[in-house]
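Trainee: Dropping in my_file_18.cif, with mmCIF, C-alpha atoms and all ligand atoms.
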```cif
data_start
#
loop_
_atom_site.label_atom_id
_atom_site.label_comp_id
_atom_site.auth_asym_id
_atom_site.auth_seq_id
_atom_site.Cartn_x
_atom_site.Cartn_y
_atom_site.Cartn_z
CA MET B 1 13.69 28.99 4.26
CA SER B 2 15.80 26.89 6.64
CA SER B 3 17.93 23.92 5.63
CA THR B 4 18.93 20.74 7.46
CA VAL B 5 21.81 18.43 6.69
CA VAL B 6 21.28 14.78 7.56
CA SER B 7 24.70 13.28 8.29
CA GLY B 8 26.13 10.08 9.74
CA ILE B 9 24.64 7.95 6.93
CA THR B 10 26.73 4.82 6.36
CA GLU B 11 24.53 3.63 3.49
CA LEU B 12 22.18 5.92 1.58
CA VAL B 13 19.81 3.83 -0.53
CA THR B 14 18.55 6.37 -3.03
CA CYS B 15 16.55 3.92 -5.22
CA ASP B 16 17.36 6.32 -8.07
CA GLY B 17 18.06 3.60 -10.66
CA SER B 18 21.61 4.84 -11.26
CA THR B 19 23.25 1.46 -10.56
CA PRO B 20 22.51 -1.89 -12.27
CA ASP B 21 20.65 -3.11 -9.16
CA GLY B 22 18.50 0.04 -9.17
CA LEU B 23 19.37 0.86 -5.57
CA GLY B 24 21.82 3.72 -6.28
CA ILE B 25 23.64 3.20 -2.97
CA LEU B 26 26.02 5.91 -1.71
CA ARG B 27 28.35 5.19 1.23
CA ASP B 28 29.20 7.75 3.94
CA ALA B 29 26.67 10.16 2.52
CA ALA B 30 24.71 13.23 3.54
CA VAL B 31 21.37 14.69 2.44
CA VAL B 32 20.39 18.36 2.61
CA VAL B 33 16.70 19.08 3.07
CA GLU B 34 15.03 22.42 2.37
CA ASP B 35 11.35 23.10 2.75
CA GLY B 36 10.51 19.42 3.03
CA HIS B 37 12.32 18.47 -0.15
CA VAL B 38 15.74 17.06 -1.00
CA ALA B 39 18.00 19.94 -2.04
CA TRP B 40 21.33 18.09 -2.23
CA LEU B 41 22.80 14.63 -1.67
CA GLY B 42 26.30 13.20 -2.03
CA PRO B 43 29.44 12.26 -0.10
CA ALA B 44 29.38 13.59 3.45
CA SER B 45 32.78 15.19 2.89
CA GLY B 46 31.26 17.48 0.25
CA ALA B 47 28.07 18.45 2.05
CA PRO B 48 27.23 22.17 1.90
CA MET B 49 26.59 24.19 5.06
CA ALA B 50 23.06 24.08 6.43
CA ASP B 51 21.16 25.81 9.24
CA HIS B 52 20.58 22.60 11.21
CA GLN B 53 22.21 19.21 11.46
CA VAL B 54 20.63 15.83 12.18
CA ASP B 55 23.28 13.15 12.77
CA VAL B 56 21.82 9.64 12.38
CA GLY B 57 24.92 8.17 13.98
CA GLY B 58 26.17 5.64 11.48
CA ARG B 59 22.93 4.17 10.19
CA ALA B 60 21.38 3.27 6.85
CA VAL B 61 18.84 5.68 5.32
CA LEU B 62 16.39 4.83 2.56
CA PRO B 63 13.25 6.36 1.04
CA GLY B 64 10.26 6.19 3.36
CA PHE B 65 8.12 3.14 2.57
CA VAL B 66 5.08 3.76 0.39
CA ASP B 67 2.22 1.60 1.64
CA SER B 68 -0.01 1.77 -1.41
CA HIS B 69 -2.80 -0.50 -0.14
CA SER B 70 -4.53 -0.30 3.24
CA HIS B 71 -8.00 -0.36 4.76
CA LEU B 72 -7.44 1.59 7.97
CA VAL B 73 -10.97 2.96 8.52
CA PHE B 74 -12.64 0.21 10.51
CA ALA B 75 -13.85 -0.59 14.00
CA GLY B 76 -14.35 -3.91 15.75
CA ASP B 77 -12.26 -7.03 16.11
CA ARG B 78 -11.95 -10.21 14.04
CA GLY B 79 -9.29 -12.03 16.00
CA ASP B 80 -11.62 -15.03 16.37
CA GLU B 81 -11.94 -15.26 12.58
CA PHE B 82 -8.14 -15.36 12.31
CA ALA B 83 -7.93 -18.08 14.96
CA ALA B 84 -10.59 -20.13 13.15
CA ARG B 85 -8.70 -19.71 9.90
CA MET B 86 -5.51 -20.99 11.45
CA ALA B 87 -7.58 -24.01 12.50
CA GLY B 88 -8.64 -24.60 8.89
CA THR B 89 -11.61 -22.36 8.06
CA PRO B 90 -10.89 -20.79 4.65
CA TYR B 91 -11.22 -17.05 3.98
CA ASP B 92 -14.14 -16.10 1.71
CA GLY B 93 -14.72 -12.41 2.43
CA GLY B 94 -17.81 -13.08 4.54
CA GLY B 95 -16.18 -11.60 7.65
CA ILE B 96 -16.15 -8.17 6.02
CA GLY B 97 -19.80 -7.87 7.13
CA VAL B 98 -18.68 -8.05 10.78
CA SER B 99 -16.38 -5.05 10.26
CA VAL B 100 -19.10 -3.20 8.36
CA ALA B 101 -21.52 -3.51 11.32
CA ALA B 102 -18.89 -2.34 13.83
CA THR B 103 -17.73 0.53 11.63
CA ARG B 104 -21.24 1.82 11.02
CA ALA B 105 -21.83 1.80 14.78
CA ALA B 106 -18.69 3.83 15.58
CA THR B 107 -18.72 7.61 16.01
CA ASP B 108 -16.61 9.87 13.80
CA ASP B 109 -14.24 10.51 16.69
CA GLU B 110 -13.86 6.82 17.42
CA LEU B 111 -13.01 6.08 13.80
CA ARG B 112 -10.65 9.07 13.61
CA SER B 113 -8.67 7.94 16.63
CA LEU B 114 -8.50 4.34 15.36
CA VAL B 115 -7.09 5.58 12.04
CA ALA B 116 -4.67 7.95 13.82
CA ALA B 117 -3.30 5.10 15.93
CA ARG B 118 -2.80 2.89 12.87
CA VAL B 119 -1.12 5.69 10.91
CA ALA B 120 1.23 6.33 13.85
CA GLU B 121 2.01 2.61 14.01
CA MET B 122 2.94 2.66 10.31
CA ARG B 123 5.12 5.73 10.60
CA ALA B 124 6.93 4.22 13.58
CA GLN B 125 7.90 1.37 11.24
CA GLY B 126 9.23 3.57 8.43
CA THR B 127 6.17 4.23 6.27
CA THR B 128 5.79 7.82 5.04
CA THR B 129 3.02 7.56 2.42
CA ILE B 130 -0.20 5.61 2.99
CA GLU B 131 -3.09 4.85 0.70
CA ILE B 132 -6.35 4.35 2.63
CA LYS B 133 -9.54 2.76 1.27
CA SER B 134 -13.11 3.03 2.39
CA GLY B 135 -15.17 -0.16 2.15
CA TYR B 136 -16.52 -0.87 5.65
CA GLY B 137 -19.43 1.58 5.39
CA LEU B 138 -21.29 0.48 2.24
CA THR B 139 -23.97 3.17 2.54
CA VAL B 140 -23.82 6.61 0.95
CA GLU B 141 -23.22 8.26 4.31
CA ASP B 142 -20.85 5.71 5.77
CA GLU B 143 -18.63 5.52 2.69
CA SER B 144 -18.31 9.29 2.34
CA ARG B 145 -17.65 9.56 6.08
CA ALA B 146 -14.84 6.99 5.86
CA LEU B 147 -13.23 8.88 2.99
CA ARG B 148 -13.59 12.24 4.74
CA ILE B 149 -11.79 10.82 7.76
CA ALA B 150 -9.14 9.10 5.62
CA ARG B 151 -8.48 12.42 3.83
CA GLU B 152 -7.45 13.95 7.14
CA PHE B 153 -4.44 11.62 6.99
CA THR B 154 -3.53 11.22 3.31
CA PRO B 155 -4.33 12.52 -0.17
CA GLU B 156 -4.23 8.90 -1.41
CA THR B 157 -7.81 7.93 -0.61
CA THR B 158 -9.72 5.21 -2.44
CA PHE B 159 -13.46 4.70 -2.79
CA LEU B 160 -14.20 0.99 -2.23
CA GLY B 161 -17.99 0.97 -2.03
CA ALA B 162 -17.65 -2.19 -4.16
CA HIS B 163 -15.85 -4.09 -1.40
CA VAL B 164 -18.64 -6.61 -0.91
CA VAL B 165 -22.35 -6.70 -1.62
CA PRO B 166 -23.81 -5.85 1.80
CA ARG B 167 -26.15 -8.36 3.41
CA GLU B 168 -29.21 -6.19 2.85
CA TYR B 169 -28.62 -6.34 -0.94
CA ALA B 170 -27.61 -10.02 -1.17
CA GLU B 171 -30.75 -10.85 -3.18
CA ASP B 172 -30.59 -7.70 -5.27
CA ARG B 173 -27.01 -7.18 -6.37
CA SER B 174 -27.79 -4.98 -9.36
CA THR B 175 -29.53 -2.43 -7.12
CA TYR B 176 -26.38 -2.25 -4.99
CA VAL B 177 -24.18 -1.74 -8.08
CA GLU B 178 -26.54 1.09 -9.12
CA LEU B 179 -26.15 2.65 -5.67
CA VAL B 180 -22.34 2.37 -5.79
CA THR B 181 -22.11 3.85 -9.27
CA GLY B 182 -24.74 6.52 -8.58
CA PRO B 183 -25.37 8.37 -5.31
CA MET B 184 -22.56 6.68 -3.38
CA LEU B 185 -19.96 7.56 -6.01
CA GLU B 186 -21.26 11.11 -6.16
CA ALA B 187 -20.90 11.51 -2.40
CA ALA B 188 -17.51 9.77 -2.28
CA ALA B 189 -15.76 11.32 -5.27
CA PRO B 190 -14.96 14.71 -3.69
CA HIS B 191 -12.97 12.90 -0.96
CA ALA B 192 -11.27 10.28 -3.13
CA ARG B 193 -8.48 10.10 -5.68
CA TRP B 194 -9.03 6.45 -6.61
CA VAL B 195 -11.83 3.91 -7.14
CA ASP B 196 -11.30 0.20 -6.39
CA VAL B 197 -13.37 -2.98 -6.59
CA PHE B 198 -13.07 -6.49 -5.13
CA CYS B 199 -13.38 -8.52 -8.36
CA GLU B 200 -13.47 -12.15 -7.29
CA PRO B 201 -15.54 -14.97 -8.79
CA HIS B 202 -14.51 -17.25 -5.90
CA SER B 203 -16.45 -15.23 -3.31
CA ALA B 204 -20.23 -14.87 -3.36
CA HIS B 205 -19.74 -11.57 -1.50
CA ALA B 206 -17.47 -9.94 -4.10
CA PHE B 207 -18.09 -8.61 -7.60
CA THR B 208 -18.14 -10.34 -10.98
CA GLU B 209 -16.10 -9.13 -13.92
CA ASP B 210 -19.09 -7.32 -15.45
CA GLU B 211 -20.06 -5.69 -12.16
CA ALA B 212 -16.45 -4.66 -11.54
CA ARG B 213 -16.15 -3.14 -15.00
CA THR B 214 -19.34 -1.15 -14.43
CA VAL B 215 -17.99 0.21 -11.13
CA LEU B 216 -14.60 1.13 -12.58
CA VAL B 217 -15.99 2.81 -15.70
CA ALA B 218 -18.38 4.88 -13.58
CA GLY B 219 -15.55 5.81 -11.20
CA ARG B 220 -13.40 6.96 -14.08
CA ALA B 221 -16.25 9.06 -15.47
CA ALA B 222 -16.46 10.74 -12.05
CA GLY B 223 -12.77 11.69 -12.28
CA LEU B 224 -11.25 8.89 -10.20
CA GLU B 225 -8.25 6.75 -11.19
CA LEU B 226 -8.48 2.98 -11.07
CA ARG B 227 -7.20 0.23 -8.78
CA VAL B 228 -8.43 -3.38 -8.60
CA HIS B 229 -8.45 -6.18 -5.98
CA GLY B 230 -7.89 -9.16 -8.26
CA ASN B 231 -6.84 -12.81 -8.38
CA GLN B 232 -6.80 -13.14 -4.58
CA LEU B 233 -8.79 -16.31 -3.91
CA GLY B 234 -8.18 -18.11 -7.19
CA HIS B 235 -7.60 -17.56 -10.89
CA GLY B 236 -9.97 -14.91 -12.19
CA PRO B 237 -10.58 -11.96 -14.47
CA GLY B 238 -9.23 -9.18 -12.19
CA VAL B 239 -5.78 -8.83 -13.72
CA LEU B 240 -6.94 -8.75 -17.33
CA LEU B 241 -9.73 -6.31 -16.43
CA ALA B 242 -7.23 -3.99 -14.72
CA VAL B 243 -4.87 -4.10 -17.67
CA ASP B 244 -7.69 -3.61 -20.16
CA LEU B 245 -8.92 -0.49 -18.35
CA GLY B 246 -5.42 0.90 -17.75
CA ALA B 247 -5.72 0.71 -13.94
CA ALA B 248 -2.70 1.98 -12.03
CA SER B 249 -2.55 -1.17 -9.96
CA VAL B 250 -3.98 -4.65 -9.57
CA ASP B 251 -3.50 -5.88 -6.06
CA HIS B 252 -3.03 -9.36 -4.54
CA CYS B 253 -2.13 -11.30 -7.74
CA THR B 254 -1.93 -14.45 -5.63
CA TYR B 255 -3.09 -16.69 -8.49
CA LEU B 256 -1.70 -15.72 -11.90
CA SER B 257 -1.96 -17.56 -15.22
CA ASP B 258 0.67 -17.22 -17.94
CA ALA B 259 -1.78 -14.95 -19.80
CA ASP B 260 -2.03 -12.71 -16.72
CA VAL B 261 1.75 -12.44 -16.46
CA ASP B 262 2.07 -11.67 -20.17
CA ALA B 263 -0.60 -8.97 -19.92
CA LEU B 264 1.07 -7.39 -16.88
CA ALA B 265 4.46 -7.44 -18.61
CA GLY B 266 2.96 -5.77 -21.69
CA ALA B 267 1.35 -3.11 -19.47
CA ALA B 268 4.37 -2.55 -17.20
CA ASP B 269 4.40 1.20 -17.87
CA THR B 270 0.77 1.56 -16.83
CA THR B 271 -0.36 -1.19 -14.46
CA VAL B 272 1.63 -2.32 -11.43
CA ALA B 273 1.13 -5.74 -9.80
CA THR B 274 0.93 -4.93 -6.09
CA LEU B 275 1.86 -7.95 -4.00
CA LEU B 276 0.54 -8.29 -0.45
CA PRO B 277 2.46 -11.12 1.20
CA GLY B 278 1.00 -10.34 4.62
CA VAL B 279 -2.29 -11.62 3.17
CA GLU B 280 -0.82 -14.92 2.06
CA PHE B 281 0.72 -15.19 5.54
CA SER B 282 -2.54 -14.41 7.38
CA THR B 283 -4.77 -16.55 5.17
CA ARG B 284 -2.33 -19.46 4.71
CA SER B 285 -2.38 -19.01 0.95
CA PRO B 286 0.39 -19.79 -1.54
CA TYR B 287 2.79 -16.91 -2.21
CA PRO B 288 3.07 -15.67 -5.79
CA ASP B 289 6.53 -15.88 -7.36
CA ALA B 290 7.64 -12.23 -7.36
CA ALA B 291 11.06 -13.08 -8.77
CA ALA B 292 9.41 -14.69 -11.81
CA LEU B 293 7.28 -11.56 -12.30
CA LEU B 294 10.39 -9.39 -12.32
CA ARG B 295 12.08 -11.72 -14.80
CA ALA B 296 9.00 -11.47 -17.05
CA GLY B 297 9.22 -7.67 -17.00
CA VAL B 298 6.24 -6.96 -14.73
CA SER B 299 6.28 -3.81 -12.57
CA ILE B 300 5.77 -4.89 -8.97
CA ALA B 301 5.02 -3.15 -5.69
CA LEU B 302 4.73 -4.31 -2.09
CA ALA B 303 2.13 -3.10 0.42
CA THR B 304 0.59 -4.30 3.68
CA ASP B 305 -3.16 -4.38 2.85
CA CYS B 306 -3.54 -3.61 6.58
CA ASN B 307 -7.16 -4.64 7.28
CA PRO B 308 -9.07 -6.56 9.97
CA GLY B 309 -9.66 -9.66 7.85
CA THR B 310 -6.80 -10.84 5.70
CA CYS B 311 -3.81 -9.04 7.23
CA TYR B 312 -3.95 -6.99 10.41
CA SER B 313 -0.32 -5.93 10.14
CA SER B 314 0.79 -2.37 9.51
CA SER B 315 4.42 -3.35 9.02
CA MET B 316 6.22 -2.76 5.74
CA PRO B 317 9.41 -4.34 7.18
CA PHE B 318 7.38 -7.51 7.83
CA VAL B 319 6.12 -7.40 4.23
CA ILE B 320 9.67 -6.92 2.93
CA ALA B 321 10.94 -9.87 4.97
CA LEU B 322 8.12 -12.09 3.67
CA ALA B 323 8.78 -11.02 0.07
CA VAL B 324 12.42 -12.02 0.44
CA ARG B 325 11.83 -15.27 2.32
CA GLU B 326 8.70 -16.45 0.53
CA MET B 327 8.51 -14.71 -2.85
CA GLY B 328 12.09 -15.01 -4.06
CA LEU B 329 13.07 -11.32 -4.07
CA THR B 330 16.53 -10.19 -3.07
CA PRO B 331 16.60 -7.76 -0.11
CA GLY B 332 17.30 -4.94 -2.57
CA GLU B 333 14.47 -5.89 -4.94
CA ALA B 334 12.07 -5.95 -2.00
CA VAL B 335 13.16 -2.47 -0.91
CA LEU B 336 12.65 -1.17 -4.45
CA ALA B 337 9.18 -2.72 -4.63
CA ALA B 338 8.25 -1.11 -1.29
CA THR B 339 9.43 2.35 -2.35
CA THR B 340 9.71 3.18 -6.06
CA GLY B 341 7.41 0.29 -7.03
CA SER B 342 4.58 1.33 -4.76
CA ALA B 343 5.13 5.01 -5.64
CA LYS B 344 4.63 4.03 -9.29
CA SER B 345 1.41 2.22 -8.37
CA LEU B 346 0.19 5.56 -6.98
CA ARG B 347 1.47 7.37 -10.10
CA ARG B 348 3.76 9.48 -7.93
CA ASN B 349 7.35 10.40 -8.78
CA ASP B 350 7.92 12.76 -5.86
CA ILE B 351 8.18 9.89 -3.37
CA GLY B 352 9.85 6.47 -3.25
CA ARG B 353 13.35 7.69 -4.13
CA ILE B 354 15.87 10.08 -2.68
CA VAL B 355 16.73 12.51 -5.48
CA VAL B 356 16.97 16.29 -5.66
CA GLY B 357 13.47 17.72 -5.77
CA ALA B 358 11.74 14.68 -4.23
CA ARG B 359 9.93 14.91 -0.92
CA ALA B 360 12.36 14.45 1.96
CA ASP B 361 10.58 11.33 3.21
CA LEU B 362 13.48 9.48 4.80
CA THR B 363 13.49 6.26 6.78
CA VAL B 364 16.37 5.38 9.06
CA LEU B 365 17.39 1.87 10.10
CA ASP B 366 19.08 0.92 13.33
CA ALA B 367 21.43 -1.06 11.11
CA PRO B 368 24.27 -0.47 8.66
CA SER B 369 22.44 -1.75 5.57
CA HIS B 370 19.02 -2.25 3.97
CA VAL B 371 19.70 -6.01 4.00
CA HIS B 372 18.94 -5.98 7.72
CA LEU B 373 15.26 -5.28 7.00
CA SER B 374 14.82 -8.92 6.01
CA TYR B 375 17.88 -10.30 7.84
CA ARG B 376 16.56 -9.02 11.21
CA ALA B 377 12.92 -9.91 10.56
CA GLY B 378 10.60 -8.95 13.39
CA VAL B 379 13.06 -6.56 15.02
CA PRO B 380 11.82 -2.93 15.01
CA ILE B 381 14.82 -1.34 13.27
CA ALA B 382 13.00 1.03 10.86
CA ARG B 383 11.43 4.38 11.63
CA ALA B 384 10.48 7.45 9.63
CA LEU B 385 13.03 10.20 10.28
CA ASP B 386 11.47 13.18 12.00
CA LEU B 387 13.50 16.18 10.90
CA ASP B 388 11.99 18.42 13.57
CA VAL B 389 13.63 16.40 16.32
CA ASP B 390 17.35 16.03 17.04
CA GLU B 391 18.38 12.48 16.21
CA ALA B 392 20.97 10.65 18.25
O1 LIG R 401 -7.74 -6.80 0.55
N1 LIG R 401 -10.28 -8.77 -0.44
C1 LIG R 401 -10.90 -7.86 -0.06
N2 LIG R 401 -10.61 -6.99 0.90
C2 LIG R 401 -9.59 -7.13 1.89
C3 LIG R 401 -10.03 -7.95 3.06
C4 LIG R 401 -11.08 -7.27 3.84
C5 LIG R 401 -11.56 -7.99 5.05
O2 LIG R 401 -11.57 -9.24 5.11
O3 LIG R 401 -11.98 -7.27 5.97
C6 LIG R 401 -8.32 -7.60 1.27
O4 LIG R 401 -7.87 -8.74 1.47
FE FE R 402 -7.28 -4.89 0.24
#
```
Reformat the file's structure so that it appears as structure tokens.
Mentor:
Amino acid sequence: MSSTVVSGITELVTCDGSTPDGLGILRDAAVVVEDGHVAWLGPASGAPMADHQVDVGGRAVLPGFVDSHSHLVFAGDRGDEFAARMAGTPYDGGGIGVSVAATRAATDDELRSLVAARVAEMRAQGTTTIEIKSGYGLTVEDESRALRIAREFTPETTFLGAHVVPREYAEDRSTYVELVTGPMLEAAAPHARWVDVFCEPHSAHAFTEDEARTVLVAGRAAGLELRVHGNQLGHGPGVLLAVDLGAASVDHCTYLSDADVDALAGAADTTVATLLPGVEFSTRSPYPDAAALLRAGVSIALATDCNPGTCYSSSMPFVIALAVREMGLTPGEAVLAATTGSAKSLRRNDIGRIVVGARADLTVLDAPSHVHLSYRAGVPIARALDLDVDEA
């Protein structure tokens, strides 16, 4: 087994929780990697010998970003919808049907190469773990195909047959819920770890609380763990449903009541509130107060929600900058939410922090400190560290 020492790290942000701010920062540090995992970390002066050396040349290193919410399996373009929204047309989920038609019409190879390009785009911006949902197929075959393709890129795949009620079932919603919880779930489950639902009373296309509960309970019975799209377009039942069912994550949380915040705080060990500020940006919605959630004791995560409708950005640095500028987080809190927070939302403890035994998923910044992620917004300073290539 060969080992590699990563040296030249001015600031190593371990996110190990060992300091009051949670960041566990070490200065002038080194990391030794063996077999894809962290074998040692500490002051560079004490680093053990290794077979190879990667010198990052005086840069900051932090855990690779964990993007715990994305919808990368889609074809087609909805740029016009975005332009119309910027001119005042509100988002209601109806545009999802446009992506469904284009995705159904694409070949497997077309979809595969679209996903591959988006995954590469994410990695080039420092993301090392990606959750990918289905949800633009909405037939038994198209949903299982989307998940099969997603599985080629990540183990964190999510069945979202309950994304919207497709047009052909608009007058017969209960038949669609039966399809999602029956044959579609059966075909999807072998390729999925998670089940998700768009629970949203403010959209005629999305699912009611009762429908969402039916989908989640069936998904759990099929061996899947639970995630929820909730409280995106207005106040609604999504958060309380997620907490009640012990979902790992409830995502969006744009509109939260005091009761929602209390429930999330009480469930902080189980249910993470995943915030998606790229969505508020791209839909001109109000940003939730992430700082207030932290003060209340809620577990939070940050993710992109990369999708063709509400946020066609693959950039975790963009999300971090928005969370700092618009949601009240400090630069350090935003980094924690994008690493350990989103790892927790995936119920993973082998990613999201740099500790002995964790996966050696390292992200390097062309900067001396993690603060630059939000300070230098829009500048491509983050990239996943490729340990097979000599770094300069
Ligand atoms: O997370 N809200 C539901 N689903 C996506 C948007 C999908 C789309 O508009 O294509 C979301 O925002
Ligand atoms: Fe989403």
Trainee: Could you work out how far CA of Val115 in chain B lies from CA of Thr127 in chain B, giving the answer in Å with one decimal?
Mentor: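 Separation of CA of Thr127 in chain B and CA of Val115 in chain B: 14.5 Å.
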Trainee: Just give me the gap between CA of Arg193 in chain B and CA of Val100 in chain B in Å, one decimal is fine.
Mentor: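 The value is 22.1 Å.
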Trainee: Could you pull out the residues sitting within 9 Å of ligand LIG 401 (chain R), using all atoms listed in the file, and write them as a PyMOL selection string?
Mentor: chain B and resi 69-71+74+78+91-100+135-136+163-164+197-200+206+229-230+232-233+251-252+276+279+305-311
Trainee: Calculated over all atoms listed in the file, which of the candidates B:Gly88, B:Gly332, B:Pro277, B:Pro43 has the smallest distance to ligand FE 402 (chain R)?
Mentor: B:Pro277
Trainee: At a cut-off of 10 Å, using all atoms listed in the file, what residues contact Pro288 in chain B? Leave out same-chain residues fewer than 3 positions from it and give the result as a list in words.
Mentor: His252, Cys253, Thr254, Tyr255, Leu256, Leu275, Leu276, Pro277, Glu280, Ser285, Ala291, Ala292, Leu293, Ala323, Glu326, Met327 and Gly328 of chain B
Trainee: Hey, can you pull every residue with an atom no more than 12 Å from (20.9, 17.5, -3.4), using only C-alpha atoms, and send it as a ChimeraX atom specification?
Mentor: /B:3-6,14,29-34,37-44,46-48,354-360
Trainee: Is it possible to get the axis-aligned box enclosing range 24-34 of chain B (all listed atoms, 8 Å extra per side) as lines of an AutoDock Vina configuration file, with centre and edge lengths in Å rounded to one decimal?
Mentor:
```
center_x = 22.1
center_y = 12.8
center_z = -1.2
size_x = 30.2
size_y = 35.2
size_z = 26.2
```
Trainee: Taking all atoms listed in the file into account, name the residue in B:Arg59, B:His235, B:Arg27, B:Arg348 that is nearest to Leu365 in chain B.
Mentor: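 That would be B:Arg59, the residue with the smallest distance to Leu365 in chain B.
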Trainee: Figure out the distance between CA of Gly378 in chain B and CA of Asp77 in chain B, please, to one decimal in Å.
Mentor: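 Straight-line distance from CA of Asp77 in chain B to CA of Gly378 in chain B works out to 23.1 Å.
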Trainee: Tell me, as an NGL selection string, which residues lie within 6 Å of Leu12 in chain B, counting all atoms listed in the file; anything in the same chain fewer than 4 positions away does not count.
Mentor: :B and (25-26 or 60-62)
